[in-house]
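Text of target.txt, listed as compact mmCIF, C-alpha atoms:
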# COMPACT_ATOMS: atom_id res chain seq x y z
CA MET A 30 0.00 0.00 0.00
CA ALA A 31 1.27 3.48 -0.87
CA PHE A 32 1.94 6.02 1.86
CA LEU A 33 1.37 9.78 1.88
CA LYS A 34 3.89 11.94 3.72
CA TYR A 35 3.31 15.53 4.85
CA GLN A 36 5.76 18.03 6.29
CA ALA A 37 5.33 21.73 7.12
CA ASP A 38 6.86 24.46 9.29
CA PHE A 39 4.69 23.20 12.17
CA LEU A 40 2.45 20.20 12.81
CA PHE A 41 -0.35 20.14 15.40
CA SER A 42 -0.88 16.55 16.50
CA GLY A 43 -4.15 17.15 18.33
CA THR A 44 -2.40 17.81 21.62
CA GLU A 45 0.85 19.65 20.83
CA ILE A 46 2.58 21.66 18.11
CA LEU A 47 5.64 19.93 16.70
CA ASN A 48 8.45 21.62 14.79
CA SER A 49 9.41 21.32 11.14
CA ASP A 50 11.22 18.00 11.60
CA ALA A 51 7.91 16.21 12.17
CA VAL A 52 6.45 14.24 9.25
CA LEU A 53 2.91 12.90 9.18
CA ILE A 54 2.50 9.59 7.39
CA THR A 55 -0.89 8.22 6.31
CA ASN A 56 -2.00 5.46 4.00
CA GLU A 57 -3.60 6.35 0.68
CA LYS A 58 -7.03 6.50 2.32
CA GLY A 59 -5.86 9.04 4.88
CA MET A 60 -5.58 6.72 7.87
CA VAL A 61 -2.73 7.82 10.11
CA GLU A 62 0.26 5.48 10.28
CA THR A 63 2.60 7.56 12.44
CA ILE A 64 4.32 10.87 13.05
CA THR A 65 8.07 10.52 12.63
CA THR A 66 11.16 12.57 11.82
CA ALA A 67 12.22 13.63 8.34
CA SER A 68 15.28 11.41 8.48
CA GLU A 69 13.12 8.37 9.28
CA ALA A 70 10.34 9.18 6.80
CA GLY A 71 12.33 8.53 3.66
CA ASP A 72 11.59 9.97 0.23
CA ASP A 73 8.50 11.49 -1.43
CA ILE A 74 7.65 13.88 1.42
CA GLN A 75 5.17 16.59 0.39
CA GLN A 76 6.42 19.96 1.64
CA PHE A 77 4.15 22.81 2.79
CA ARG A 78 4.61 26.26 4.27
CA GLY A 79 2.48 26.82 7.36
CA LEU A 80 0.90 24.50 9.92
CA LEU A 81 -0.72 21.10 9.42
CA THR A 82 -3.59 20.15 11.69
CA PRO A 83 -6.29 17.48 11.90
CA GLY A 84 -9.59 18.46 10.27
CA PHE A 85 -11.77 20.95 12.12
CA ILE A 86 -14.97 20.03 13.99
CA ASN A 87 -17.84 22.53 13.76
CA CYS A 88 -19.92 21.66 16.82
CA HIS A 89 -22.81 24.03 16.13
CA CYS A 90 -24.27 24.93 12.75
CA HIS A 91 -27.67 25.60 11.15
CA LEU A 92 -26.98 24.43 7.61
CA GLU A 93 -30.67 24.71 6.71
CA LEU A 94 -30.46 28.52 7.09
CA SER A 95 -27.67 28.93 4.52
CA HIS A 96 -29.99 30.71 2.08
CA MET A 97 -30.34 33.55 4.59
CA LYS A 98 -26.79 34.85 4.20
CA GLY A 99 -26.80 38.65 4.41
CA MET A 100 -30.56 38.93 4.92
CA ILE A 101 -30.42 40.12 8.54
CA PRO A 102 -28.39 43.19 9.54
CA GLU A 103 -25.77 42.93 12.27
CA HIS A 104 -26.26 43.94 15.91
CA THR A 105 -30.06 43.69 16.00
CA GLY A 106 -30.02 41.90 19.33
CA LEU A 107 -31.30 38.36 19.74
CA VAL A 108 -35.05 39.06 19.93
CA ASP A 109 -35.15 41.07 16.70
CA PHE A 110 -32.83 38.51 15.11
CA ILE A 111 -35.32 35.72 15.95
CA LEU A 112 -38.22 37.76 14.58
CA ASN A 113 -36.27 38.28 11.36
CA ILE A 114 -35.60 34.53 11.12
CA LEU A 115 -39.31 33.78 11.51
CA GLN A 116 -40.25 36.34 8.84
CA LEU A 117 -37.48 35.74 6.30
CA ARG A 118 -36.51 32.07 6.44
CA HIS A 119 -39.09 30.90 3.88
CA SER A 120 -37.80 30.52 0.33
CA SER A 121 -38.11 28.15 -2.59
CA GLU A 122 -36.86 24.65 -1.92
CA VAL A 123 -34.57 24.89 -4.95
CA ASP A 124 -32.85 27.97 -3.54
CA ILE A 125 -32.57 26.44 -0.07
CA LEU A 126 -31.04 23.20 -1.37
CA GLU A 127 -28.56 25.08 -3.55
CA ALA A 128 -27.48 27.24 -0.62
CA ILE A 129 -27.08 24.14 1.58
CA ALA A 130 -24.84 22.48 -1.00
CA ASN A 131 -22.73 25.60 -1.46
CA ALA A 132 -22.33 26.14 2.29
CA GLU A 133 -21.30 22.52 2.84
CA ALA A 134 -18.73 22.76 0.03
CA ALA A 135 -17.29 25.92 1.59
CA MET A 136 -17.03 24.25 4.99
CA LYS A 137 -15.16 21.33 3.50
CA ASP A 138 -12.84 23.55 1.47
CA ASN A 139 -11.75 25.50 4.54
CA GLY A 140 -10.99 22.45 6.63
CA ILE A 141 -14.16 21.35 8.39
CA VAL A 142 -14.62 17.56 8.36
CA ALA A 143 -17.50 17.09 10.82
CA VAL A 144 -20.50 19.16 11.92
CA GLY A 145 -22.95 19.19 14.79
CA ASP A 146 -25.90 20.44 12.76
CA ILE A 147 -29.24 21.76 13.99
CA SER A 148 -32.21 20.62 11.90
CA ASN A 149 -35.79 21.86 12.27
CA ASN A 150 -36.78 20.09 9.05
CA ALA A 151 -35.41 17.47 6.68
CA LEU A 152 -34.14 19.81 3.96
CA THR A 153 -30.47 19.06 4.67
CA LEU A 154 -30.92 15.28 4.62
CA SER A 155 -30.36 14.72 0.89
CA GLN A 156 -27.10 16.70 0.97
CA LYS A 157 -25.85 14.90 4.07
CA LEU A 158 -26.46 11.55 2.42
CA ARG A 159 -23.80 12.44 -0.16
CA GLY A 160 -21.19 11.79 2.52
CA ASN A 161 -19.08 14.89 1.95
CA LEU A 162 -18.85 15.64 5.67
CA GLN A 163 -19.65 13.72 8.82
CA TYR A 164 -22.67 14.93 10.79
CA HIS A 165 -24.21 14.66 14.20
CA ASN A 166 -27.83 15.66 13.62
CA PHE A 167 -29.55 17.63 16.37
CA ILE A 168 -33.27 17.59 15.55
CA GLU A 169 -34.48 20.78 17.21
CA VAL A 170 -37.87 21.30 18.82
CA SER A 171 -39.47 24.53 20.03
CA GLY A 172 -42.83 25.55 21.46
CA PHE A 173 -43.18 27.72 24.58
CA SER A 174 -46.89 27.21 25.08
CA PRO A 175 -47.81 23.95 26.86
CA ALA A 176 -50.88 23.70 24.61
CA ILE A 177 -48.76 22.99 21.54
CA ALA A 178 -46.23 20.65 23.15
CA GLN A 179 -47.66 17.43 21.75
CA VAL A 180 -48.13 18.78 18.22
CA ARG A 181 -44.59 20.22 18.11
CA PHE A 182 -43.17 16.97 19.45
CA GLU A 183 -44.98 14.86 16.86
CA THR A 184 -43.81 17.16 14.04
CA ALA A 185 -40.23 16.90 15.25
CA MET A 186 -40.58 13.13 15.62
CA ALA A 187 -41.26 12.82 11.89
CA VAL A 188 -38.02 14.71 11.13
CA TYR A 189 -36.18 12.69 13.77
CA GLN A 190 -37.27 9.39 12.23
CA ALA A 191 -36.27 10.55 8.73
CA PHE A 192 -32.71 11.26 9.91
CA LYS A 193 -32.57 8.30 12.28
CA THR A 194 -33.20 5.92 9.38
CA HIS A 195 -29.94 6.98 7.73
CA PHE A 196 -27.92 8.15 10.74
CA PRO A 197 -29.03 5.83 13.57
CA GLU A 198 -26.05 6.52 15.84
CA SER A 199 -25.80 10.26 15.24
CA THR A 200 -29.34 11.63 15.41
CA VAL A 201 -30.90 13.03 18.59
CA MET A 202 -33.85 15.25 19.44
CA VAL A 203 -32.94 18.45 21.30
CA PRO A 204 -34.64 21.53 22.77
CA HIS A 205 -34.05 24.87 21.05
CA ALA A 206 -33.64 27.23 24.00
CA PRO A 207 -34.96 27.91 27.53
CA TYR A 208 -37.28 30.67 26.29
CA SER A 209 -38.84 28.54 23.53
CA VAL A 210 -39.54 25.16 25.16
CA SER A 211 -42.23 24.49 27.75
CA PRO A 212 -41.73 22.10 30.69
CA GLN A 213 -44.18 19.74 28.99
CA LEU A 214 -42.14 19.77 25.78
CA PHE A 215 -38.90 19.26 27.72
CA GLN A 216 -40.50 16.11 29.19
CA LEU A 217 -41.49 14.79 25.79
CA ILE A 218 -38.01 15.41 24.34
CA ASP A 219 -36.42 13.73 27.33
CA SER A 220 -38.62 10.67 26.85
CA VAL A 221 -37.46 9.82 23.32
CA THR A 222 -34.36 7.85 24.26
CA ALA A 223 -31.61 7.78 26.80
CA GLN A 224 -29.47 10.04 24.65
CA HIS A 225 -25.70 10.22 24.92
CA ILE A 226 -25.59 13.87 23.87
CA SER A 227 -27.91 16.84 23.60
CA SER A 228 -27.65 20.55 22.78
CA ILE A 229 -29.38 23.78 23.78
CA HIS A 230 -28.88 27.48 23.00
CA ASN A 231 -27.79 29.03 26.29
CA GLN A 232 -27.70 32.58 27.68
CA GLU A 233 -27.15 34.25 24.33
CA THR A 234 -28.47 37.60 25.60
CA LYS A 235 -28.81 39.22 29.02
CA ASP A 236 -32.59 39.48 28.47
CA GLU A 237 -32.78 35.69 28.55
CA ASN A 238 -31.66 35.63 32.17
CA LEU A 239 -33.78 38.66 33.03
CA PHE A 240 -36.90 37.01 31.62
CA PHE A 241 -36.62 33.98 33.91
CA LEU A 242 -35.55 36.03 36.93
CA THR A 243 -38.32 38.66 36.79
CA GLY A 244 -40.50 38.14 33.70
CA GLU A 245 -39.30 41.47 32.30
CA GLY A 246 -37.27 42.39 29.23
CA LEU A 247 -37.35 42.10 25.46
CA PHE A 248 -38.64 38.53 25.27
CA ASN A 249 -42.12 39.88 25.99
CA LYS A 250 -41.83 41.69 22.65
CA LEU A 251 -41.13 38.33 20.98
CA TYR A 252 -44.20 36.62 22.44
CA GLN A 253 -46.44 39.59 21.63
CA ALA A 254 -45.18 39.59 18.04
CA ILE A 255 -46.04 35.92 17.56
CA GLY A 256 -49.40 36.31 19.30
CA SER A 257 -48.62 34.18 22.35
CA ASP A 258 -50.24 35.21 25.64
CA ILE A 259 -47.68 33.80 28.07
CA SER A 260 -49.51 35.21 31.12
CA THR A 261 -51.74 32.13 31.12
CA PHE A 262 -48.89 29.68 31.71
CA PHE A 263 -45.56 31.40 32.50
CA LYS A 264 -44.34 32.59 35.87
CA PRO A 265 -40.75 33.72 36.46
CA SER A 266 -38.73 31.12 38.33
CA GLY A 267 -36.58 33.65 40.17
CA GLN A 268 -33.53 31.90 38.75
CA ASN A 269 -31.71 32.57 35.50
CA SER A 270 -32.43 30.61 32.35
CA LEU A 271 -29.70 28.00 32.73
CA GLN A 272 -30.52 27.18 36.34
CA THR A 273 -34.24 27.04 35.50
CA VAL A 274 -34.06 24.52 32.65
CA ILE A 275 -31.07 22.29 33.35
CA PRO A 276 -33.06 20.19 35.88
CA GLN A 277 -35.57 19.51 33.08
CA ILE A 278 -32.92 17.91 30.84
CA GLN A 279 -32.24 14.58 32.52
CA SER A 280 -31.59 11.83 29.99
CA PRO A 281 -28.50 13.02 28.06
CA LYS A 282 -25.14 12.09 29.51
CA LYS A 283 -23.55 15.10 27.81
CA LEU A 284 -25.00 18.54 27.03
CA LEU A 285 -23.62 21.12 24.61
CA LEU A 286 -24.37 24.60 25.91
CA VAL A 287 -24.19 26.85 22.86
CA HIS A 288 -23.20 30.56 22.87
CA ASP A 289 -22.91 31.08 26.68
CA THR A 290 -22.44 34.82 26.24
CA PHE A 291 -23.83 35.68 29.67
CA THR A 292 -22.82 32.59 31.65
CA SER A 293 -21.40 33.35 35.12
CA GLN A 294 -19.24 31.73 37.76
CA ALA A 295 -22.40 30.89 39.68
CA ASP A 296 -23.69 29.02 36.64
CA ILE A 297 -20.47 27.03 36.33
CA ASP A 298 -20.67 26.17 40.04
CA PHE A 299 -24.29 25.09 39.52
CA LEU A 300 -23.34 22.84 36.59
CA ARG A 301 -20.65 21.14 38.65
CA GLN A 302 -23.36 19.91 41.00
CA GLN A 303 -25.18 18.11 38.17
CA ALA A 304 -24.61 14.53 37.03
CA GLN A 305 -24.01 15.28 33.36
CA ASP A 306 -20.96 16.41 31.43
CA TYR A 307 -21.22 19.94 30.08
CA VAL A 308 -19.48 21.34 27.02
CA PHE A 309 -19.34 25.07 26.27
CA CYS A 310 -19.65 25.67 22.53
CA LEU A 311 -18.40 29.11 21.49
CA CYS A 312 -19.68 30.81 18.32
CA ALA A 313 -17.77 34.06 18.62
CA ASN A 314 -18.54 35.53 15.20
CA ALA A 315 -22.28 34.93 15.62
CA ASN A 316 -22.21 36.49 19.09
CA GLN A 317 -20.67 39.61 17.59
CA TYR A 318 -23.03 39.55 14.61
CA ILE A 319 -26.18 39.41 16.74
CA GLU A 320 -25.41 40.96 20.13
CA ASN A 321 -21.99 42.57 19.53
CA GLN A 322 -20.75 40.64 22.57
CA LEU A 323 -18.31 37.83 23.28
CA PRO A 324 -18.57 35.06 25.89
CA PRO A 325 -16.46 35.17 29.09
CA ILE A 326 -13.87 32.86 27.59
CA ASN A 327 -11.20 33.45 30.21
CA LEU A 328 -13.73 32.56 32.90
CA PHE A 329 -14.32 29.19 31.22
CA ARG A 330 -10.57 28.63 30.93
CA GLN A 331 -9.95 29.54 34.57
CA ASN A 332 -12.51 26.89 35.54
CA ASN A 333 -10.99 24.24 33.23
CA CYS A 334 -14.26 23.98 31.32
CA ASN A 335 -14.59 21.78 28.26
CA ILE A 336 -14.64 24.18 25.29
CA VAL A 337 -15.44 23.56 21.61
CA LEU A 338 -16.14 25.82 18.63
CA GLY A 339 -19.09 26.36 16.29
CA THR A 340 -20.07 28.73 13.51
CA ASP A 341 -23.84 29.10 13.97
CA SER A 342 -25.55 29.86 10.63
CA LEU A 343 -25.01 32.06 7.59
CA ALA A 344 -27.95 34.10 8.89
CA SER A 345 -25.70 35.16 11.78
CA ASN A 346 -22.21 34.82 10.33
CA HIS A 347 -20.37 35.94 7.21
CA GLN A 348 -18.82 32.49 6.69
CA LEU A 349 -18.90 28.97 8.12
CA SER A 350 -15.23 28.81 9.03
CA ILE A 351 -13.68 27.41 12.20
CA LEU A 352 -10.42 29.18 11.38
CA SER A 353 -12.32 32.48 11.32
CA GLU A 354 -13.69 31.66 14.80
CA ILE A 355 -10.13 31.02 16.00
CA GLN A 356 -8.96 34.30 14.46
CA THR A 357 -11.71 36.29 16.20
CA ILE A 358 -11.05 34.69 19.58
CA SER A 359 -7.31 35.18 19.18
CA GLN A 360 -7.84 38.86 18.34
CA TYR A 361 -9.81 39.57 21.53
CA PHE A 362 -8.06 37.03 23.78
CA PRO A 363 -4.42 37.11 22.62
CA ASN A 364 -3.32 35.36 25.82
CA ILE A 365 -4.82 32.03 24.69
CA PRO A 366 -2.10 29.73 23.29
CA LEU A 367 -2.57 28.49 19.75
CA THR A 368 -2.28 24.89 20.97
CA GLU A 369 -5.35 25.42 23.15
CA LEU A 370 -7.37 27.05 20.37
CA LEU A 371 -6.54 24.24 17.97
CA SER A 372 -7.51 21.67 20.60
CA TRP A 373 -10.96 23.28 20.88
CA ALA A 374 -11.27 23.10 17.08
CA THR A 375 -10.16 19.47 16.73
CA ILE A 376 -9.91 16.88 19.49
CA ASN A 377 -12.32 18.60 21.89
CA GLY A 378 -14.94 18.88 19.16
CA ALA A 379 -14.45 15.27 18.11
CA LYS A 380 -14.94 14.12 21.71
CA ALA A 381 -18.01 16.32 22.13
CA LEU A 382 -19.71 14.79 19.08
CA ASN A 383 -18.60 11.23 19.98
CA MET A 384 -16.32 11.08 16.92
CA ALA A 385 -12.94 10.91 18.64
CA SER A 386 -12.31 7.28 17.64
CA LYS A 387 -11.76 8.53 14.08
CA LEU A 388 -11.35 12.31 14.11
CA GLY A 389 -9.64 15.11 16.00
CA SER A 390 -5.98 14.04 16.23
CA PHE A 391 -3.18 12.36 14.33
CA ASN A 392 -3.15 9.21 16.44
CA ALA A 393 -2.37 6.03 14.55
CA GLY A 394 -5.49 4.39 13.13
CA LYS A 395 -7.52 7.59 12.90
CA GLN A 396 -8.67 9.19 9.66
CA PRO A 397 -9.08 12.84 10.70
CA GLY A 398 -8.32 14.65 7.47
CA VAL A 399 -5.37 17.00 7.04
CA VAL A 400 -5.72 20.79 6.98
CA LEU A 401 -3.07 23.33 6.03
CA ILE A 402 -3.10 26.75 7.69
CA ASP A 403 -0.87 29.12 5.74
CA SER A 404 0.42 32.68 6.30
CA LEU A 405 1.58 32.22 9.88
CA SER A 406 3.21 35.04 11.84
CA ASN A 407 6.96 35.06 12.45
CA ASN A 408 6.49 33.20 15.72
CA GLY A 409 4.16 30.61 14.17
CA GLY A 410 0.85 32.18 15.23
CA ILE A 411 -2.44 32.59 13.37
CA THR A 412 -2.89 35.95 11.63
CA THR A 413 -5.88 37.72 10.15
CA ASN A 414 -4.52 36.74 6.73
CA SER A 415 -4.19 33.05 7.53
CA GLN A 416 -6.33 30.69 5.47
CA ALA A 417 -7.20 27.04 5.95
CA LYS A 418 -7.43 24.45 3.21
CA LEU A 419 -8.35 20.78 3.37
CA ILE A 420 -5.55 18.88 1.63
CA LEU A 421 -6.66 15.37 2.61
CA PRO A 422 -10.33 14.55 3.35
CA ALA A 423 -11.37 12.63 6.44

Here is a file; write its structure as structure tokens.
Amino acid sequence: MAFLKYQADFLFSGTEILNSDAVLITNEKGMVETITTASEAGDDIQQFRGLLTPGFINCHCHLELSHMKGMIPEHTGLVDFILNILQLRHSSEVDILEAIANAEAAMKDNGIVAVGDISNNALTLSQKLRGNLQYHNFIEVSGFSPAIAQVRFETAMAVYQAFKTHFPESTVMVPHAPYSVSPQLFQLIDSVTAQHISSIHNQETKDENLFFLTGEGLFNKLYQAIGSDISTFFKPSGQNSLQTVIPQIQSPKKLLLVHDTFTSQADIDFLRQQAQDYVFCLCANANQYIENQLPPINLFRQNNCNIVLGTDSLASNHQLSILSEIQTISQYFPNIPLTELLSWATINGAKALNMASKLGSFNAGKQPGVVLIDSLSNNGGITTNSQAKLILPA
């Protein structure tokens, strides 16, 4: 069997950055054989300028919203952003499918090999069946009124079964957000299966916490706009959104908390008292696009939290690029070592989506894909001009 050999200025193994003497060797299908030295690797080594890394893992995406690129202005705030989604997301199926295909191709080109993708319908299914990327499908359910819980659950169940038929080990039903799922609907979602992993949008705006603490804030505008009289069923819990809903999510062993822009030390302490594993999924570019805010990333690091990266959707981001997420975080948090950022983008993401047996690092026997990041700074760091390119698919 033929071997492929890759050498660059730097090589990120999944846990550490190695110098230019390191050579990655895979078989012709991309399965890792070993990392060795140039003198031991022999001839036919492909040379690159930049840094080689395992393929990126995008832990949070809404591929089905790809047709909405550029439709919603930046910095509207979350409530107006949601209202825009509800008003503008409808389009012809031909246009939606074309946008899905183009967005997936762009993700692959810039180094993403696996995606945790939110699906409210089955429009992405045909594209996913082409096998271009690996997916964990989060079938999302919403419905804040208890009166519609059963109907919303049954609608989601049809989508869930459609995906489950083709992706039996990587399809789960998940709640959308604390402000959009009733206790009754949380119960129904929790009853589907004893899931290994779930996902929920978490504390994306300060009004989310305010709403559960006091019943005040901009979310009342949302419910009025959609004609929902929440006074008949909602009472503030006196706790913030995370601490209100986490006790209602019992079956998953692992929960991806997505966005986390207004998560506090008290919330982290609360999570540590729970039985599940919690993963903080950062979508920095989307946070800036919608709320012009960034999560308390150093707080998560100080607490040794499990961190992964996502892109959110093209409705809330200019591109679906994990490298762009790294660049934004690095710009505002220059103290974070590149090794740590790359770990969030690779091995941490693979573990979060239960794909670490194959993806996320250059351990022998894995087939993680190979990505080249070019245009490094003089000290080997990521710059605003750096670009990522998939040179070997997963």

Using all atoms listed in the file, which residues sit within 8 Å of stretch 54-62 of chain A once same-chain residues fewer than 5 positions away are excluded, as a ChimeraX atom specification? /A:30-35,70,391-398,421-423

Which residues, written as a list of chain:residue names, have at least one atom at most 6 Å from stretch 304-310 of chain A, with only C-alpha atoms counted and residues fewer than 4 positions away on the same chain left out? A:Lys282, A:Lys283, A:Leu284, A:Leu285, A:Leu286, A:Val287, A:Asn335, A:Ile336, A:Val337, A:Leu338

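With distances restricted to all atoms listed in the file, A:Leu92 is the closest residue to A:Ile125 from A:Gln277, A:Lys380, A:Asp146, A:Leu92.
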
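With all atoms listed in the file as the atoms that count, the minimum distance from A:Asn231 to the choices A:Leu323, A:Ala206, A:Val108, A:Val170 is reached by A:Ala206.
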
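Candidate residues A:Gly160, A:Gly140, A:Gly106, A:Pro212 were compared for distance to A:Gly172, and the nearest is A:Pro212, using only C-alpha atoms.
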
Using all atoms listed in the file and a cutoff of 10 Å, can you tell me which residues are near (-42.0, 28.2, 18.9) in the file's coordinates, and write them out as number ranges by chain? A: 115, 170-174, 177-178, 181, 205-206, 208-211, 252, 255, 257

All residues 10 Å or closer to A:Ile411, all atoms listed in the file, same chain fewer than 4 positions away omitted, as an MDAnalysis selection string: chainID A and resid 79:80 352 355:356 359:360 367 402:407 415:416

Need to verify the contact set: A:Ala151, 9 Å, only C-alpha atoms, exclusion of same-chain residues closer than 6 positions in sequence. Can you return it as a PyMOL selection string? chain A and resi 93+188-189+191-192

Quick one: everything within 8 Å of stretch 233-245 of chain A, counting only C-alpha atoms, minus sequence neighbours fewer than 6 positions away in the same chain. Send it as a PyMOL selection string. chain A and resi 106-107+208+264-271+273+288-291+316+320

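Counting from atom CA of A:Ser390, the distance to atom CA of A:Asn364 is 23.5 Å.
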
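The shortest atom-to-atom distance to A:Ala313, with only C-alpha atoms taken into account, belongs to A:Ile358 out of A:Ile358, A:Leu47, A:Leu343, A:Ile278.
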
Rounded to one decimal in Å, what is the spacing between atom CA of A:His89 and atom CA of A:Pro363? 23.5 Å

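Nearest-residue note for A:Asp72: choosing from A:Ala254, A:Glu45, A:Pro197, A:Val52, the minimum distance belongs to A:Val52, counting only C-alpha atoms.
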